[in-house]
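Asker: Handing you this structure, nothing more for now.
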Amino acid sequence: MTVHPQAKTPTAGGYVAGAARGVTEAISKVRTEAPGWMGGALAGVQGALFSLALVLIPMWVIAASADGAQVSWGQATGIATRVWLTGFAVPWAVDGVPVTLVPLGIAALTALMLVQLSRRFASPTWTAGLAATASFAATVGVATSIAWAGADDVENRVTRAVLISCALAAPAVAWGLVRQRGAVLAWLGRVPSTVRVGVRMAVAMAAGTLLLSALTLVVSTISARHTVADAATSLGVDVAGGIALALLETLYAPTLVVWTVSWLSGAGYVLGGVISSSAEAPTATIPALPLLATLPHASGGLLALSPLVIVALGAAVVVALRKRLTSGMGDVAAVGVALALFAFGFGAASRVSRGAIGPGTLAVVGPEPLIAAVMPALELGIGAVLAIALMGAVRAMRSGELTAGRFRTGPSPHRETPADTPGHPAE
C-alpha cells in the first residue's frame with residue numbers, strides 16, 4: 001500500500017503572505033514596464049497624499065472623540081484639508097476669522113517625504129523629477145479647488161497653492177534624485193573657496209541657532225507644563241482627542257522655533273498686539289491655547305543677555321571651521337557671504353512665520369521679517385569677526401615666539417678660530 005503525504009491546508013497567514021507577494025510583484029512589474037516618468041508622477045502624488053494624512057488622521061480622531069460634537073467625517077475631512085493647505089500659504093477663515101499663520105512643520109515633513117519618495121520610486125532622470133514636481137503641485141491644486149470650491153477667490157488660492165508647491169517640491173525632488181544617483185557635483189570645484197566656506201558657515205550658523213532656539217522652547221514648555229495642561233483641559237476633549245490635538249499643534253512647532261530665534265536675538269515677535277522679547281515681557285492677555293503657552297514669556301535679568309549667546313555661537317562656528325579658513329581677508333569675505341545667506345534665509349522663514357490666528361490683536365502675530373533677519377545676523381557677525389581677530393592674534397603671538405626661540409637657539413655670533421680651539425697650535 002502506498003502512503004501519500006498529507007496535503008497542507010493553507011492558513012490565513014499563508015493567504016496574506018501570498019497576496020502581499022503578488023502585490024509586490026505586480027508593482028515591480030508595473031515599475032519595470034511603465035515609462036520612466038511614471039515613477040516620478042506616482043512619487044509626487046504619494047507625497048501630497050501622505051502629507052495630507054498628517055493632518056487628516058488626527059482631525060478624524062478629534063472629531064470622533066470630542067464630547068457632544070456633531071461633526072461628520074466629511075466635515076472633518078474638509079476642515080483637515082483646509083488646515084493642511086495652510087502649510088502651502090493658502091489662507092483659511094473660521095466663521096470669518098482669518099487664519100494665515102503657516103505651520104512650517106507641514107512644509108518640512110512634506111519636503112522630507114518628497115526626498116525619500118523621489119529617491120525610492122522615481123527614475124534617475126530629470127524628466128521623472130519634473131513629473132514628480134508637476135504631479136505634486138497638481139494634487140495640491142486639485143485639493144485646493146475642492147476645499148475652497150465656494151470661495152470667491154478660489155482661483156487665487158489655487159494659483160498660490162500651485163506656486164508654493166512647486167517651490168517646495170522642486171529642490172526636494174532634485175535632492176532625492178541626486179542622492180539616488182550618487183552624483184558627484186564636479187562644478188562645485190569651480191566655485192571660489194570663499195563662497196564654499198561661507199556656505200558651510202551659513203549652514204552651521206543656521207543649524208546652531210535653530211538648535212539653541214529649540215532647546216529654549218523645550219525648557220519653556222517644561223516650565224509651563226501646568227499652564228499647557230490647563231489650556232488643553234479647557235478645550236473639553238478626551239485623551240485620544242488631546243493626543244490628536246497635540247499632534248496637530250506639533251506641526252506649528254517649527255514656526256515657534258523661528259519666533260524663539262527672534263526672541264533670543266532681542267528682535268522679538270508680535271503676539272497679542274505687543275512685542276515680546278528676552279528683554280521685554282508681553283503685557284497683553286494671550287489666548288488660552290496650549291501651543292502659545294509653550295512660548296518663553298519671562299524676560300529681563302540674565303535673559304536680557306541672550307543676544308550674547310548668539311554672539312558666542314558665531315564665534316564657536318568660526319572656531320569649529322578654522323581648518324577651512326585661510327587666515328587672510330578671505331575669511332572676512334567668507335563671513336560676509338555666510339551672514340548674507342543667513343539673513344536671507346531667516347528673513348524668508350520669518351516672513352512665512354508671520355500671519356493671523358484670530359481677530360483684533362491676533363490679526364498679525366510673529367516676528368518682523370527685516371528686523372528678525374538683521375539682528376541675529378549682526379550678532380553672529382560680531383562673534384565671527386571677534387573669533388577671527390582673536391585667532392589671528394594668537395597665531396601672530398605663536399609666530400613671534402617661534403621666531404624669538406629660533407634666534408635664542410641659533411649659532412653664537414662669536415666664531416671660533418683654530419687658535420681658540422683647545423689642542424690646536426696657533427700660527
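Every chain in the C-alpha cells has a letter given in the order shown (A, B, ...), and although residue numbers restart at 1 in each chain, ligands are simply numbered from 1 in the order shown.
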How would you write, as a VMD selection string, the set of residues in region 63-226 of chain A that DSSP gives as alpha helix (DSSP H)?
Answerer: chain A and resid 63 to 65 73 to 85 104 to 121 126 to 147 154 to 181 193 to 223 225 to 226
Asker: Which residues, written as a PDB file with N, CA and C atoms, in the first residue's frame, have at least one atom at most 6 Å from region 312-318 of chain A, with only C-alpha atoms counted and residues fewer than 6 positions away on the same chain left out?
Answerer:
ATOM      1  N   LEU A 380      25.705  87.294  15.098  1.00  0.00           N
ATOM      2  CA  LEU A 380      26.584  86.216  14.628  1.00  0.00           C
ATOM      3  C   LEU A 380      27.841  86.799  13.980  1.00  0.00           C
ATOM      4  N   GLY A 383      30.375  87.996  16.606  1.00  0.00           N
ATOM      5  CA  GLY A 383      31.102  86.862  17.175  1.00  0.00           C
ATOM      6  C   GLY A 383      32.109  86.281  16.212  1.00  0.00           C
ATOM      7  N   ALA A 384      31.734  86.174  14.927  1.00  0.00           N
ATOM      8  CA  ALA A 384      32.643  85.601  13.934  1.00  0.00           C
ATOM      9  C   ALA A 384      33.875  86.479  13.736  1.00  0.00           C
ATOM     10  N   ALA A 387      36.187  86.250  16.704  1.00  0.00           N
ATOM     11  CA  ALA A 387      36.922  84.981  16.706  1.00  0.00           C
ATOM     12  C   ALA A 387      38.062  85.006  15.696  1.00  0.00           C
TER      13      ALA A 387
END
Asker: Can you tell me which residues surround Val219 (chain A) at a distance of at most 12 Å, considering only C-alpha atoms, apart from same-chain residues fewer than 3 positions away, and format the answer as a ChimeraX atom specification?
Answerer: /A:212-216,222-225,260,294-298
Asker: May I have all residues of region 38-152 of chain A that DSSP, computed from the backbone, assigns to strand (DSSP E), given as a CSV table (one decimal) with N, CA and C atoms, in the first residue's frame?
Answerer:
chain,number,residue,atom,x,y,z
A,92,TRP,N,-6.9,80.7,5.4
A,92,TRP,CA,-8.1,80.0,5.9
A,92,TRP,C,-8.9,80.9,6.7
A,93,ALA,N,-10.2,80.7,6.9
A,93,ALA,CA,-11.0,81.5,7.7
A,93,ALA,C,-12.0,80.6,8.5
A,94,VAL,N,-12.2,80.9,9.7
A,94,VAL,CA,-13.2,80.2,10.6
A,94,VAL,C,-14.2,81.2,11.0
A,97,VAL,N,-13.1,84.6,10.8
A,97,VAL,CA,-11.8,84.9,11.4
A,97,VAL,C,-10.7,84.4,10.6
A,98,PRO,N,-9.8,85.2,10.2
A,98,PRO,CA,-8.7,84.8,9.3
A,98,PRO,C,-7.6,84.0,10.1
A,99,VAL,N,-7.1,82.9,9.4
A,99,VAL,CA,-6.0,82.1,9.9
A,99,VAL,C,-5.0,81.9,8.8
Asker: Just want the 7 Å neighbourhood of Ala76 (chain A), counted on only C-alpha atoms, with same-chain residues fewer than 3 positions away dropped. Output as an MDAnalysis selection string.
Answerer: chainID A and resid 59:60 63 71:73 79:80
Asker: Could you write out that same residue set with N, CA and C atoms as a compact mmCIF listing (two decimals), in the first residue's frame?
Answerer:
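Printed below is selection.txt as written:
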# COMPACT_ATOMS: atom_id res chain seq x y z
N MET A 59 -7.31 64.81 12.76
CA MET A 59 -8.59 65.52 12.73
C MET A 59 -9.75 64.53 12.83
N TRP A 60 -9.64 63.38 12.23
CA TRP A 60 -10.67 62.34 12.38
C TRP A 60 -10.78 61.89 13.84
N ALA A 63 -12.56 64.58 15.82
CA ALA A 63 -13.99 64.61 15.51
C ALA A 63 -14.72 63.45 16.16
N VAL A 71 -19.91 66.49 14.27
CA VAL A 71 -19.12 66.73 13.06
C VAL A 71 -19.03 65.43 12.28
N SER A 72 -19.46 65.47 11.03
CA SER A 72 -19.41 64.27 10.20
C SER A 72 -18.00 64.04 9.69
N TRP A 73 -17.82 62.84 9.14
CA TRP A 73 -16.50 62.52 8.58
C TRP A 73 -16.17 63.44 7.41
N ILE A 79 -12.27 70.17 6.91
CA ILE A 79 -11.50 71.02 7.82
C ILE A 79 -10.02 70.63 7.78
N ALA A 80 -9.75 69.32 7.79
CA ALA A 80 -8.36 68.86 7.75
C ALA A 80 -7.67 69.31 6.48
Asker: If you count only C-alpha atoms, which residues fall within 8 Å of region 326-336 of chain A, apart from same-chain ones fewer than 4 positions away, as a ChimeraX atom specification?
Answerer: /A:194-195,197-198,201,340,381,384-385,388,392
Asker: Please produce a file of the residues just selected, as a short mmCIF file (atom, residue, chain, number, x, y, z; two decimals), in the first residue's frame, where the atoms kept are C-alpha atoms.
Answerer:
data_model
loop_
_atom_site.label_atom_id
_atom_site.label_comp_id
_atom_site.auth_asym_id
_atom_site.auth_seq_id
_atom_site.Cartn_x
_atom_site.Cartn_y
_atom_site.Cartn_z
CA THR A 194 35.50 81.86 -0.09
CA VAL A 195 31.95 81.15 -1.23
CA VAL A 197 33.42 78.30 3.18
CA GLY A 198 30.73 80.96 3.50
CA MET A 201 29.46 78.73 7.76
CA ALA A 340 24.12 87.38 3.73
CA GLY A 381 28.82 88.51 12.58
CA ALA A 384 32.64 85.60 13.93
CA VAL A 385 34.82 88.71 13.43
CA ILE A 388 38.88 85.67 13.50
CA GLY A 392 44.90 85.94 14.20
#
